[in-house]
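In what follows, a single structure is set out as structure tokens and then discussed.
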Protein chains: 4
Amino acid sequence: MSGTHGFHLFDALMNDERADAILSDHGYVRRMLAFEAALARAEGLEGVIPSGAASAISRAVEGLHDEDVNEMAAAIAEGTARAGTPVIPLVKLLTARVDPDGQAYVHWGATTQDVMDTALALQMRDVSDLLDLGLSQLASALATLAHRHRDTPMIGRTVLQHALPVTFGLKAAGWLGGVTRTRQRLAESAPRVLALQFGGAAGTLASLSSKGPAVAERLAMELGLALPAMPWHAARDRIAEMAAFCGILCGTLGKIGRDVTLMMQTDVQEAFEPAAPGRGGSSTMPHKRNPVLSALLVSAGLQAPGLVATIMAAQMHEHERAAGPAHAEWRTLPELLRLTAGALKTAIALAEGLDVRPDRMRANIDTTNGLVMAEAVMMALGATLGRLEAHHAVDEACRAALAQNRHLRDVLAEDGRIGAALGPERLRALFEPEAYLGAAGLFVDAAIAEHEGMP
Amino acid sequence: MSGTHGFHLFDALMNDERADAILSDHGYVRRMLAFEAALARAEGLEGVIPSGAASAISRAVEGLHDEDVNEMAAAIAEGTARAGTPVIPLVKLLTARVDPDGQAYVHWGATTQDVMDTALALQMRDVSDLLDLGLSQLASALATLAHRHRDTPMIGRTVLQHALPVTFGLKAAGWLGGVTRTRQRLAESAPRVLALQFGGAAGTLASLSSKGPAVAERLAMELGLALPAMPWHAARDRIAEMAAFCGILCGTLGKIGRDVTLMMQTDVQEAFEPAAPGRGGSSTMPHKRNPVLSALLVSAGLQAPGLVATIMAAQMHEHERAAGPAHAEWRTLPELLRLTAGALKTAIALAEGLDVRPDRMRANIDTTNGLVMAEAVMMALGATLGRLEAHHAVDEACRAALAQNRHLRDVLAEDGRIGAALGPERLRALFEPEAYLGAAGLFVDAAIAEHEGMP
Amino acid sequence: MSGTHGFHLFDALMNDERADAILSDHGYVRRMLAFEAALARAEGLEGVIPSGAASAISRAVEGLHDEDVNEMAAAIAEGTARAGTPVIPLVKLLTARVDPDGQAYVHWGATTQDVMDTALALQMRDVSDLLDLGLSQLASALATLAHRHRDTPMIGRTVLQHALPVTFGLKAAGWLGGVTRTRQRLAESAPRVLALQFGGAAGTLASLSSKGPAVAERLAMELGLALPAMPWHAARDRIAEMAAFCGILCGTLGKIGRDVTLMMQTDVQEAFEPAAPGRGGSSTMPHKRNPVLSALLVSAGLQAPGLVATIMAAQMHEHERAAGPAHAEWRTLPELLRLTAGALKTAIALAEGLDVRPDRMRANIDTTNGLVMAEAVMMALGATLGRLEAHHAVDEACRAALAQNRHLRDVLAEDGRIGAALGPERLRALFEPEAYLGAAGLFVDAAIAEHEGMP
Amino acid sequence: MSGTHGFHLFDALMNDERADAILSDHGYVRRMLAFEAALARAEGLEGVIPSGAASAISRAVEGLHDEDVNEMAAAIAEGTARAGTPVIPLVKLLTARVDPDGQAYVHWGATTQDVMDTALALQMRDVSDLLDLGLSQLASALATLAHRHRDTPMIGRTVLQHALPVTFGLKAAGWLGGVTRTRQRLAESAPRVLALQFGGAAGTLASLSSKGPAVAERLAMELGLALPAMPWHAARDRIAEMAAFCGILCGTLGKIGRDVTLMMQTDVQEAFEPAAPGRGGSSTMPHKRNPVLSALLVSAGLQAPGLVATIMAAQMHEHERAAGPAHAEWRTLPELLRLTAGALKTAIALAEGLDVRPDRMRANIDTTNGLVMAEAVMMALGATLGRLEAHHAVDEACRAALAQNRHLRDVLAEDGRIGAALGPERLRALFEPEAYLGAAGLFVDAAIAEHEGMP
């Protein structure tokens, strides 16, 4: 089955099975059914439908086993292809399982969009919970890295060129900051995005006469969703906001992935993905440590933007329900949510198992024969020689070091002025990267404190 | 000049000149200079540079007239093409204008990215202020429309088919809701997004030794930007968040535009753009009311997603500064901000001048010979005939009305059961759309209340 | 299974099962195996591996039943999640099925990318064949519509306003033109895009010593793929070209869909999707003819661009194989191909069954009380009255007709000058749209001829 | 001016002034005027308008100096903002410059879309000519690199890990292949894409009565554009094809840029951008060779996809002219064309000046202590020891080399079996990368031959 009809091969590389369960046909049908049951209960309590009917409908949904839902999902898939919407077959199948006195009241006053959008809101909520959990776990792992390597020097690279020393803790703190902000975003958007959709055929709840708002309130409470000021079937900014969140997060994770693929380069070797049996190795090339997790993160950072663009472009729903834009969301948003959840799980595995090589980081700082420490020396020298002469002397030495392929320290040591100003001990010390890390440690502390301040 | 080198022709269709001024070369150079001046002042106060130097630099910036800045901007544009960054020529040009004792201290301890990203943050802040103002104005216009047409019936259209009656107020309230949520988003993201970037060559502020954080704090205060936990040069989620905001907003405005283009159809004629001399008319086709503003809104909704996708994909900066992704932001983000500001201004003009045609809305409800009121009749009839018989009778009548191209009311009037159950007066009343608007009015009130609750 | 793990619900709305079979895990594994078998045969013939080994490998692949492949696909999916690539588990599983004397020669000289990219090329070829067939079928259906309605007048709508009369045939011919050009594109790109990838570990075929090129040539022939000048593992323009093709096609189909959703509007009713039991109907709203097929086409036109953007952005492969960009293709390209094949099948169903309403088209021309014929009258009048006076007279009449809500013909009839110039008969005739269709018929003929000229 | 209103700062980084001139307001207005002039001439010759009028119009256009056009462009920009289209002000301005007897015939029978789309086609043609030239120049530069370094060994890197040796010539040949294919694409699409648009108000040319097709034919010839089977105002696949071409090309160039940024890494140093005074340097960090050109190419590869997506999504024009999608093209397509032309020019500068470091390439091959040559040794050893024993021996040695951080050659040299089988001379030779380059040279030759075979 999986073989003939499935498209799991690459999905399995970077998925979160919990998210897959939420977003699968099964998970979607479950949530559409939950809407129908909660609707019946709410309408029963408000006297819109007989309480017996409400119980019958609610009971029918509660009584469904996983296999029943699977069976329904398969039938709905077929029915959807015919009807153009999953709700028509869903209501038919559910009705058949309801006791006779409840059958006439299934889906009472609701419309397709109510069921689909609310089920989507429930999926988004459940995936959000997952993401929140995962983000907290990822943040902890990154905070641990940042803390552990708070003072581990490595070369900072700007436009891929060695610049000044930084610490690996600072790099990890930078990653952490992005994750912390993502958690803030999720918390802020939740009450806006995770909202009930309930409007009836055209958004007025006319068929419930005056009881529409009361039913809507109960329904939102039943389902644990926010109650919006009015139905939102044709205002898709909530969907776009969820998509944007995913796109930002995937970019944040992709940045981590990109950095790790670069650090793993055979030419760099400063950090490696956690080793796993059979992953990333090559028997004829035992030196290879192929990036897998980090490459997948980069791929998520590349895939998300296109999906976000689709959702954004699909905001322009026509009138009270769209002819096309809505359909464009159906495949795209779940795909984006799955991608995001999968990428987050992958990032956690990467961060928790990252194999950091402080010795190699230290060694790579010397790639430029000490030229990256020129600024540090110049600053120190300025205090005694004066800024201009210091600048001139170091500049000259840099050029000589470069031309002669010698260590800057050795070139400087030969310069009498400098020997006089600094002394060999001090000169040697100035080439220790630890001495020129500025506020790196404080920045790490601040990023960790920000993380720890999250609820 | 504008002719030979400019690309203004289409820009002028939908631009906000205030945003253009902020985002122009002039506006950008101004803000880069503001950074340099504030930096000097902050460093002077913290004793990092001599206070005389600080004053000299600050004075040089304050003394610049618009023409000076224009001249500098032109020179910087040329220099950028050579240097690959605008900051090298900027610093050179600024230094030349500083009194001798300050010259050595221009740009002290800062790096290219600090200047560019902080200038960008200042642009984002100033455009955000504009957008906030505009959103409030748009929301007021939409609230006025919603309020005025709270009870103006029109047909609700789902998948472009007549469904049930709604009100034009409800449609406007739906537009309003999107705008209100956008305002919430802007307020929430501001303290996160509008942040100082200051890290020095590799993000450690090493050249300021222990004074980096204190200078950063002063600098943020000086510039009116948030002070982040650490420099953010290589973490672009803030930029992506701003872009996403624009994408969501353009979609919200595009939805309004789409609805208006559809209502303006010659086949519909329910609302028109505000008339303007020479706009949208056609001398040989005097009946045409070509959509211009609304079409532009749709075009914004189509253009933003691609720009958002670019910014999202560019989040994956390499290490401490990117080689490529950063450059991709430079043209794209200002373009997106301009598009958004222009679309917002266009939407305001559209909303404030929308020419609504309640009579035509009312007339169009009858396009289907009353079939759109079938549900209303069925509900009323159910109370006396019983739900099943009511359904059967109405169903039958609908089919007859459709087949014979007659008004449903007339067909129903001939049915003895229905006459007995409802009477001609009541039957006629049931076909008045006002009688079947459900909670439309309450929803309008709630959307307006939500709007009025905004700070 | 489908329920718990599947994501078929919405896929089923618009899919082509033949494309799904090609692009499924099963279809992919089949094609990877086909590569391995053909490689063994080619290497056997060139003496790179023993001919007995070649036969053993080829035999093992040929002997696989569908269930075997399914089983392998499931195991490969699991293995891929661990190894980060499907080829490692594939080779292991295949080796286990090969006779002992062939086992050492499975996958000889090939690398992961060779297998994956060539399998992808085979999928693209097979989907291209499908698309080619489908495009030809769609073109025929559109040509039939264009031919049948060559002279069926309808109003032309520019920026959604009634302009001048056109014919439905002309509209269909416009759709046809896009399809014809798409067929040209597919034919032109095939020999470039559908090419063997075979380069060994780093693209030099070093492990085959001097026999690499000869093996590659045989391999391409065996598989029915073009032989490229050199391996293309890291040059992804072919992939991007395929994606772009899909994006253009989906837009072309989306345009058809958009037009049909608009023509199906309750306010327009000029054409309808083919009726199908249970599709697009609504029991309480029997007048609704919900667009399904056409809405799906619009959704395809909205979804494709984002997927194309992903593939385009993923072209920037690093060095000899990418760490991230390659992975971004894996889910995206098949998804895009499936979307395209599904949209094409949907478009065929729509075009073949389109329910055109010439009477309603004719009636809608009169919506503007004849104003759309003003240009025709002006042209005719110019011949006798002179151009300026004609323009003036008609202009005046148009304004009057609009103001008084009367038919332009009636207003004109009251104007003595015009009566004198044209006479009532001629005036009436000028308001027949058939008389003012210009070259519409010739354009239709030309578009059909272009279609018929396709091989 | 440029300062206050311009947005040139970053544009100037990567622009082609010739393309800018074509795509500027000036260039666009020039081409709209060229359409009007050619239209008049064609209509004069076909007797649609008086030949005196035709001459007057043509003369008025021919007499325009650059300053006149600039002035018109400025006025048109203003007019466009009011009218929503540049054609209304254009026609007004042109008419004012035509001798009285021609004034009534300006723009005769044409519509806005005819002028705009044909002017766009002319822009696309002229940019295509530029691109064709540039591609040929780039291809030559890459062919030179490929030829010169046909046998320059460097390490091949897959997923950023050292794999087997390749040659720099092979890498350059891979770049060349993408460019060659791009040239093929441009040539193939030209006759389809670069086509006249001429349809009159609704696409029927009704106002030209029977002379429409003849005028169209002359007009196409006059302008040097292809004559399409019918007007294409509402079928945007041609535009999408042009955009896709740009997207593929930018990706191809971005791939070159990505490779160069990676080779320029301080950790790699195998190639550098051409040095230019003031570009990419840093006075305090003299070792830095900041990528500028290559980073810009990467940025083009990141920016193009979003713009392509916009154009693709905008294909869904409504009916005979779109309300929104058309407007989305107006800013986006020229922007994309400019980006592409700028990127191409940048790529030429990069390719022509690339500073290749064969010695460093050679040195980097040894980073892994000879492990990358393990396969080569294994193959050679297999011939005498037998495949299995060879594999075992080399595998063991690899592990030892890795564990002891010794050169594989030295470890192997200590193994008696291997000494016996190969001898020290042969063993040394096996570690020369030149000995294991497979078909690299032949592939380079084939790619160059393919390039040289281009017309």
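If you're wondering about the labels, chains in the structure tokens are A, B, ... by order shown, residues count from 1 in each chain, ligands from 1 in order shown.
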
Checklist entry - Counting only C-alpha atoms, which residues from chain C have an atom at most 9 Å from any atom of chain B, and could you show them as number ranges by chain? => result C: 157-164, 261-262, 264-268, 283-292, 295, 305-306, 309, 313, 364, 367-368, 371-375, 378, 391, 394-395, 398-399, 402

Go ahead and save the picked residues with N, CA and C atoms, as a short mmCIF file (atom, residue, chain, number, x, y, z; two decimals), in the first residue's frame.
```cif
data_model
loop_
_atom_site.label_atom_id
_atom_site.label_comp_id
_atom_site.auth_asym_id
_atom_site.auth_seq_id
_atom_site.Cartn_x
_atom_site.Cartn_y
_atom_site.Cartn_z
N ARG C 157 -15.10 41.00 -21.85
CA ARG C 157 -14.99 41.73 -20.58
C ARG C 157 -13.53 42.09 -20.33
N THR C 158 -13.30 43.38 -20.25
CA THR C 158 -11.95 43.82 -19.89
C THR C 158 -12.01 44.48 -18.53
N VAL C 159 -10.99 44.18 -17.71
CA VAL C 159 -11.02 44.53 -16.28
C VAL C 159 -12.42 44.32 -15.69
N LEU C 160 -13.02 43.23 -16.08
CA LEU C 160 -14.33 42.78 -15.58
C LEU C 160 -15.50 43.69 -15.96
N GLN C 161 -15.27 44.56 -16.91
CA GLN C 161 -16.33 45.42 -17.42
C GLN C 161 -16.70 44.99 -18.84
N HIS C 162 -17.96 45.10 -19.14
CA HIS C 162 -18.38 44.80 -20.51
C HIS C 162 -17.68 45.76 -21.47
N ALA C 163 -17.08 45.19 -22.50
CA ALA C 163 -16.41 46.04 -23.48
C ALA C 163 -17.13 45.89 -24.82
N LEU C 164 -16.56 45.12 -25.73
CA LEU C 164 -17.22 44.89 -27.02
C LEU C 164 -17.60 43.42 -27.10
N THR C 261 -15.07 29.93 -13.62
CA THR C 261 -15.72 30.31 -12.36
C THR C 261 -16.47 31.62 -12.52
N LEU C 262 -15.90 32.52 -13.31
CA LEU C 262 -16.58 33.81 -13.52
C LEU C 262 -17.82 33.66 -14.39
N MET C 264 -19.62 31.06 -14.55
CA MET C 264 -20.61 30.30 -13.79
C MET C 264 -21.30 31.14 -12.72
N GLN C 265 -20.81 32.34 -12.46
CA GLN C 265 -21.43 33.17 -11.43
C GLN C 265 -22.95 33.21 -11.61
N THR C 266 -23.65 33.18 -10.52
CA THR C 266 -25.10 33.30 -10.59
C THR C 266 -25.49 34.58 -11.32
N ASP C 267 -24.62 35.56 -11.27
CA ASP C 267 -24.88 36.83 -11.93
C ASP C 267 -24.58 36.79 -13.42
N VAL C 268 -24.04 35.70 -13.88
CA VAL C 268 -23.60 35.64 -15.28
C VAL C 268 -24.18 34.43 -16.01
N SER C 283 -28.67 20.79 -1.64
CA SER C 283 -30.09 20.46 -1.65
C SER C 283 -30.95 21.66 -1.26
N THR C 284 -30.48 22.45 -0.30
CA THR C 284 -31.31 23.61 0.08
C THR C 284 -31.13 24.77 -0.89
N MET C 285 -30.15 24.68 -1.75
CA MET C 285 -29.93 25.79 -2.69
C MET C 285 -29.83 25.21 -4.10
N PRO C 286 -30.97 24.80 -4.63
CA PRO C 286 -30.94 24.06 -5.89
C PRO C 286 -30.47 24.89 -7.07
N HIS C 287 -30.44 26.20 -6.91
CA HIS C 287 -29.98 27.06 -8.00
C HIS C 287 -28.47 27.11 -8.08
N LYS C 288 -27.80 26.66 -7.03
CA LYS C 288 -26.34 26.77 -7.03
C LYS C 288 -25.71 25.75 -7.98
N ARG C 289 -24.76 26.23 -8.70
CA ARG C 289 -23.94 25.32 -9.51
C ARG C 289 -22.51 25.59 -9.11
N ASN C 290 -22.15 25.04 -7.95
CA ASN C 290 -20.82 25.34 -7.42
C ASN C 290 -19.71 24.90 -8.36
N PRO C 291 -18.81 25.78 -8.66
CA PRO C 291 -17.66 25.36 -9.45
C PRO C 291 -16.78 24.43 -8.62
N VAL C 292 -16.42 23.33 -9.19
CA VAL C 292 -15.49 22.43 -8.51
C VAL C 292 -14.24 22.28 -9.39
N ALA C 295 -12.63 25.63 -9.99
CA ALA C 295 -11.99 26.14 -8.78
C ALA C 295 -10.68 25.39 -8.51
N PRO C 305 3.10 28.23 -8.46
CA PRO C 305 4.19 29.21 -8.38
C PRO C 305 5.10 29.04 -7.17
N GLY C 306 4.52 28.74 -6.01
CA GLY C 306 5.34 28.55 -4.82
C GLY C 306 6.27 27.36 -4.96
N ALA C 309 9.01 28.26 -7.31
CA ALA C 309 9.99 29.13 -6.64
C ALA C 309 10.96 28.31 -5.81
N ALA C 313 14.91 28.30 -6.43
CA ALA C 313 15.85 28.71 -5.39
C ALA C 313 16.82 27.60 -5.05
N ASN C 364 -26.78 38.54 -22.10
CA ASN C 364 -25.89 39.39 -21.29
C ASN C 364 -25.28 40.53 -22.08
N THR C 367 -26.95 43.74 -21.34
CA THR C 367 -26.97 44.27 -19.98
C THR C 367 -26.82 45.79 -19.95
N THR C 368 -26.04 46.31 -20.87
CA THR C 368 -25.76 47.75 -20.83
C THR C 368 -26.67 48.54 -21.76
N LEU C 371 -25.02 49.88 -24.95
CA LEU C 371 -23.86 50.78 -24.94
C LEU C 371 -22.61 50.12 -25.50
N VAL C 372 -22.53 48.82 -25.34
CA VAL C 372 -21.34 48.14 -25.85
C VAL C 372 -21.26 48.17 -27.37
N MET C 373 -22.37 48.53 -28.01
CA MET C 373 -22.36 48.61 -29.47
C MET C 373 -22.10 50.04 -29.96
N ALA C 374 -21.85 50.95 -29.05
CA ALA C 374 -21.68 52.35 -29.42
C ALA C 374 -20.58 52.52 -30.47
N GLU C 375 -19.48 51.82 -30.28
CA GLU C 375 -18.36 51.94 -31.21
C GLU C 375 -18.80 51.51 -32.61
N MET C 378 -20.90 54.17 -34.14
CA MET C 378 -20.09 55.33 -34.45
C MET C 378 -19.32 55.12 -35.75
N HIS C 391 -19.09 60.91 -33.88
CA HIS C 391 -18.61 60.73 -32.52
C HIS C 391 -19.43 61.54 -31.54
N VAL C 394 -23.09 60.11 -31.16
CA VAL C 394 -23.16 58.86 -30.40
C VAL C 394 -22.83 59.11 -28.93
N ASP C 395 -21.83 59.92 -28.72
CA ASP C 395 -21.43 60.25 -27.37
C ASP C 395 -22.60 60.81 -26.57
N CYS C 398 -25.16 58.18 -25.89
CA CYS C 398 -24.72 57.26 -24.82
C CYS C 398 -25.02 57.86 -23.46
N ARG C 399 -24.67 59.13 -23.30
CA ARG C 399 -24.92 59.77 -22.02
C ARG C 399 -26.41 59.79 -21.68
N LEU C 402 -27.61 56.30 -20.72
CA LEU C 402 -27.15 55.96 -19.38
C LEU C 402 -27.99 56.69 -18.34
#
```

Item to check | Filtered DSSP result for range 193-370 of chain C, state alpha helix (DSSP H), as number ranges by chain | outcome: C: 193, 212-223, 237-263, 293-313, 325-353, 358-365

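Of the listed residues C:Ala343, C:Ala173, C:Ala446, C:Leu130, the one whose atoms come nearest to Thr144 in chain C is C:Ala173, with distances taken using only C-alpha atoms.
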
Checklist outcome for this item: For Asp25 in chain C, the closest of C:Ala341, C:Ala73, C:Ala363, C:Ala271 counting only C-alpha atoms is C:Ala73

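Near Arg31 in chain C, within 12 Å and counting only C-alpha atoms, sit Ala21, Ile22, Leu23, Ser24, Asp25, His26, Glu36, Ala37, Ala38, Val61, Glu62, Val69, Ala73, Val87, Leu90, Asp114, Val115, Met116, Asp117, Thr118, Ala119, Leu120, Ala121, Leu122, Gln123, Met124, Arg125, Asp126 and Leu223 of chain C, not including residues fewer than 5 positions from it in the same chain.
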
Would you write out those residues with N, CA and C atoms, as a PDB file, in the first residue's frame?
```
ATOM      1  N   ALA C  21       1.035   6.921  -9.858  1.00  0.00           N
ATOM      2  CA  ALA C  21       1.757   5.650  -9.876  1.00  0.00           C
ATOM      3  C   ALA C  21       3.222   5.863 -10.250  1.00  0.00           C
ATOM      4  N   ILE C  22       3.465   6.736 -11.184  1.00  0.00           N
ATOM      5  CA  ILE C  22       4.855   7.015 -11.601  1.00  0.00           C
ATOM      6  C   ILE C  22       5.638   7.653 -10.463  1.00  0.00           C
ATOM      7  N   LEU C  23       4.967   8.543  -9.743  1.00  0.00           N
ATOM      8  CA  LEU C  23       5.674   9.372  -8.761  1.00  0.00           C
ATOM      9  C   LEU C  23       5.625   8.810  -7.344  1.00  0.00           C
ATOM     10  N   SER C  24       4.889   7.733  -7.185  1.00  0.00           N
ATOM     11  CA  SER C  24       4.788   7.109  -5.857  1.00  0.00           C
ATOM     12  C   SER C  24       6.129   6.504  -5.458  1.00  0.00           C
ATOM     13  N   ASP C  25       6.207   6.099  -4.205  1.00  0.00           N
ATOM     14  CA  ASP C  25       7.390   5.376  -3.738  1.00  0.00           C
ATOM     15  C   ASP C  25       7.652   4.172  -4.633  1.00  0.00           C
ATOM     16  N   HIS C  26       6.586   3.461  -4.926  1.00  0.00           N
ATOM     17  CA  HIS C  26       6.703   2.289  -5.791  1.00  0.00           C
ATOM     18  C   HIS C  26       7.312   2.676  -7.135  1.00  0.00           C
ATOM     19  N   GLU C  36      19.710   0.440 -11.927  1.00  0.00           N
ATOM     20  CA  GLU C  36      20.732  -0.525 -11.497  1.00  0.00           C
ATOM     21  C   GLU C  36      20.834  -1.675 -12.495  1.00  0.00           C
ATOM     22  N   ALA C  37      19.703  -2.132 -12.990  1.00  0.00           N
ATOM     23  CA  ALA C  37      19.714  -3.242 -13.947  1.00  0.00           C
ATOM     24  C   ALA C  37      20.368  -2.809 -15.251  1.00  0.00           C
ATOM     25  N   ALA C  38      19.986  -1.647 -15.743  1.00  0.00           N
ATOM     26  CA  ALA C  38      20.550  -1.171 -17.006  1.00  0.00           C
ATOM     27  C   ALA C  38      22.037  -0.893 -16.853  1.00  0.00           C
ATOM     28  N   VAL C  61      16.307  -7.888 -10.934  1.00  0.00           N
ATOM     29  CA  VAL C  61      15.367  -6.778 -11.063  1.00  0.00           C
ATOM     30  C   VAL C  61      14.146  -7.183 -11.867  1.00  0.00           C
ATOM     31  N   GLU C  62      14.410  -7.872 -12.975  1.00  0.00           N
ATOM     32  CA  GLU C  62      13.274  -8.289 -13.813  1.00  0.00           C
ATOM     33  C   GLU C  62      12.316  -9.203 -13.068  1.00  0.00           C
ATOM     34  N   VAL C  69       8.327  -5.062  -4.922  1.00  0.00           N
ATOM     35  CA  VAL C  69       8.741  -3.655  -4.989  1.00  0.00           C
ATOM     36  C   VAL C  69       8.097  -2.861  -3.848  1.00  0.00           C
ATOM     37  N   ALA C  73      10.013  -0.871  -1.136  1.00  0.00           N
ATOM     38  CA  ALA C  73       9.745   0.562  -0.958  1.00  0.00           C
ATOM     39  C   ALA C  73       9.533   0.885   0.514  1.00  0.00           C
ATOM     40  N   VAL C  87      19.296   5.391  -1.445  1.00  0.00           N
ATOM     41  CA  VAL C  87      20.097   4.502  -2.290  1.00  0.00           C
ATOM     42  C   VAL C  87      20.849   3.468  -1.469  1.00  0.00           C
ATOM     43  N   LEU C  90      18.455   0.782  -0.737  1.00  0.00           N
ATOM     44  CA  LEU C  90      18.086   0.144  -2.009  1.00  0.00           C
ATOM     45  C   LEU C  90      19.149  -0.846  -2.444  1.00  0.00           C
ATOM     46  N   ASP C 114      23.547   9.465  -8.977  1.00  0.00           N
ATOM     47  CA  ASP C 114      23.292   8.849 -10.289  1.00  0.00           C
ATOM     48  C   ASP C 114      21.954   8.120 -10.277  1.00  0.00           C
ATOM     49  N   VAL C 115      21.751   7.358  -9.219  1.00  0.00           N
ATOM     50  CA  VAL C 115      20.530   6.555  -9.139  1.00  0.00           C
ATOM     51  C   VAL C 115      19.317   7.474  -8.970  1.00  0.00           C
ATOM     52  N   MET C 116      19.430   8.413  -8.051  1.00  0.00           N
ATOM     53  CA  MET C 116      18.282   9.264  -7.753  1.00  0.00           C
ATOM     54  C   MET C 116      17.937  10.178  -8.923  1.00  0.00           C
ATOM     55  N   ASP C 117      18.939  10.791  -9.495  1.00  0.00           N
ATOM     56  CA  ASP C 117      18.646  11.734 -10.574  1.00  0.00           C
ATOM     57  C   ASP C 117      18.172  11.026 -11.838  1.00  0.00           C
ATOM     58  N   THR C 118      18.747   9.864 -12.111  1.00  0.00           N
ATOM     59  CA  THR C 118      18.285   9.158 -13.306  1.00  0.00           C
ATOM     60  C   THR C 118      16.870   8.616 -13.090  1.00  0.00           C
ATOM     61  N   ALA C 119      16.605   8.131 -11.879  1.00  0.00           N
ATOM     62  CA  ALA C 119      15.227   7.697 -11.599  1.00  0.00           C
ATOM     63  C   ALA C 119      14.270   8.879 -11.745  1.00  0.00           C
ATOM     64  N   LEU C 120      14.709  10.028 -11.312  1.00  0.00           N
ATOM     65  CA  LEU C 120      13.886  11.233 -11.460  1.00  0.00           C
ATOM     66  C   LEU C 120      13.687  11.574 -12.933  1.00  0.00           C
ATOM     67  N   ALA C 121      14.754  11.450 -13.714  1.00  0.00           N
ATOM     68  CA  ALA C 121      14.641  11.714 -15.156  1.00  0.00           C
ATOM     69  C   ALA C 121      13.640  10.753 -15.786  1.00  0.00           C
ATOM     70  N   LEU C 122      13.670   9.501 -15.343  1.00  0.00           N
ATOM     71  CA  LEU C 122      12.705   8.529 -15.881  1.00  0.00           C
ATOM     72  C   LEU C 122      11.288   8.898 -15.466  1.00  0.00           C
ATOM     73  N   GLN C 123      11.136   9.340 -14.221  1.00  0.00           N
ATOM     74  CA  GLN C 123       9.805   9.791 -13.797  1.00  0.00           C
ATOM     75  C   GLN C 123       9.358  10.991 -14.628  1.00  0.00           C
ATOM     76  N   MET C 124      10.268  11.928 -14.831  1.00  0.00           N
ATOM     77  CA  MET C 124       9.909  13.111 -15.607  1.00  0.00           C
ATOM     78  C   MET C 124       9.539  12.722 -17.033  1.00  0.00           C
ATOM     79  N   ARG C 125      10.278  11.762 -17.584  1.00  0.00           N
ATOM     80  CA  ARG C 125       9.955  11.328 -18.946  1.00  0.00           C
ATOM     81  C   ARG C 125       8.561  10.703 -18.999  1.00  0.00           C
ATOM     82  N   ASP C 126       8.283   9.847 -18.044  1.00  0.00           N
ATOM     83  CA  ASP C 126       7.004   9.148 -18.080  1.00  0.00           C
ATOM     84  C   ASP C 126       5.850  10.113 -17.800  1.00  0.00           C
ATOM     85  N   LEU C 223      18.045   3.066 -21.259  1.00  0.00           N
ATOM     86  CA  LEU C 223      16.962   3.679 -20.485  1.00  0.00           C
ATOM     87  C   LEU C 223      16.103   4.624 -21.315  1.00  0.00           C
TER      88      LEU C 223
END
```

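Proximity to Ala413 in chain D at 12 Å, evaluated using only C-alpha atoms and with sequence-adjacent residues fewer than 2 positions away removed, yields Val377, Ala393, Val394, Ala397, Ala401, Arg406, His407, Leu408, Arg409, Asp410, Val411, Asp415, Gly416, Arg417, Ile418, Gly419, Ala420, Ala421, Leu422, Gly423, Pro424, Glu425, Arg426, Leu427, Arg428, Leu430 and Phe431 of chain D.
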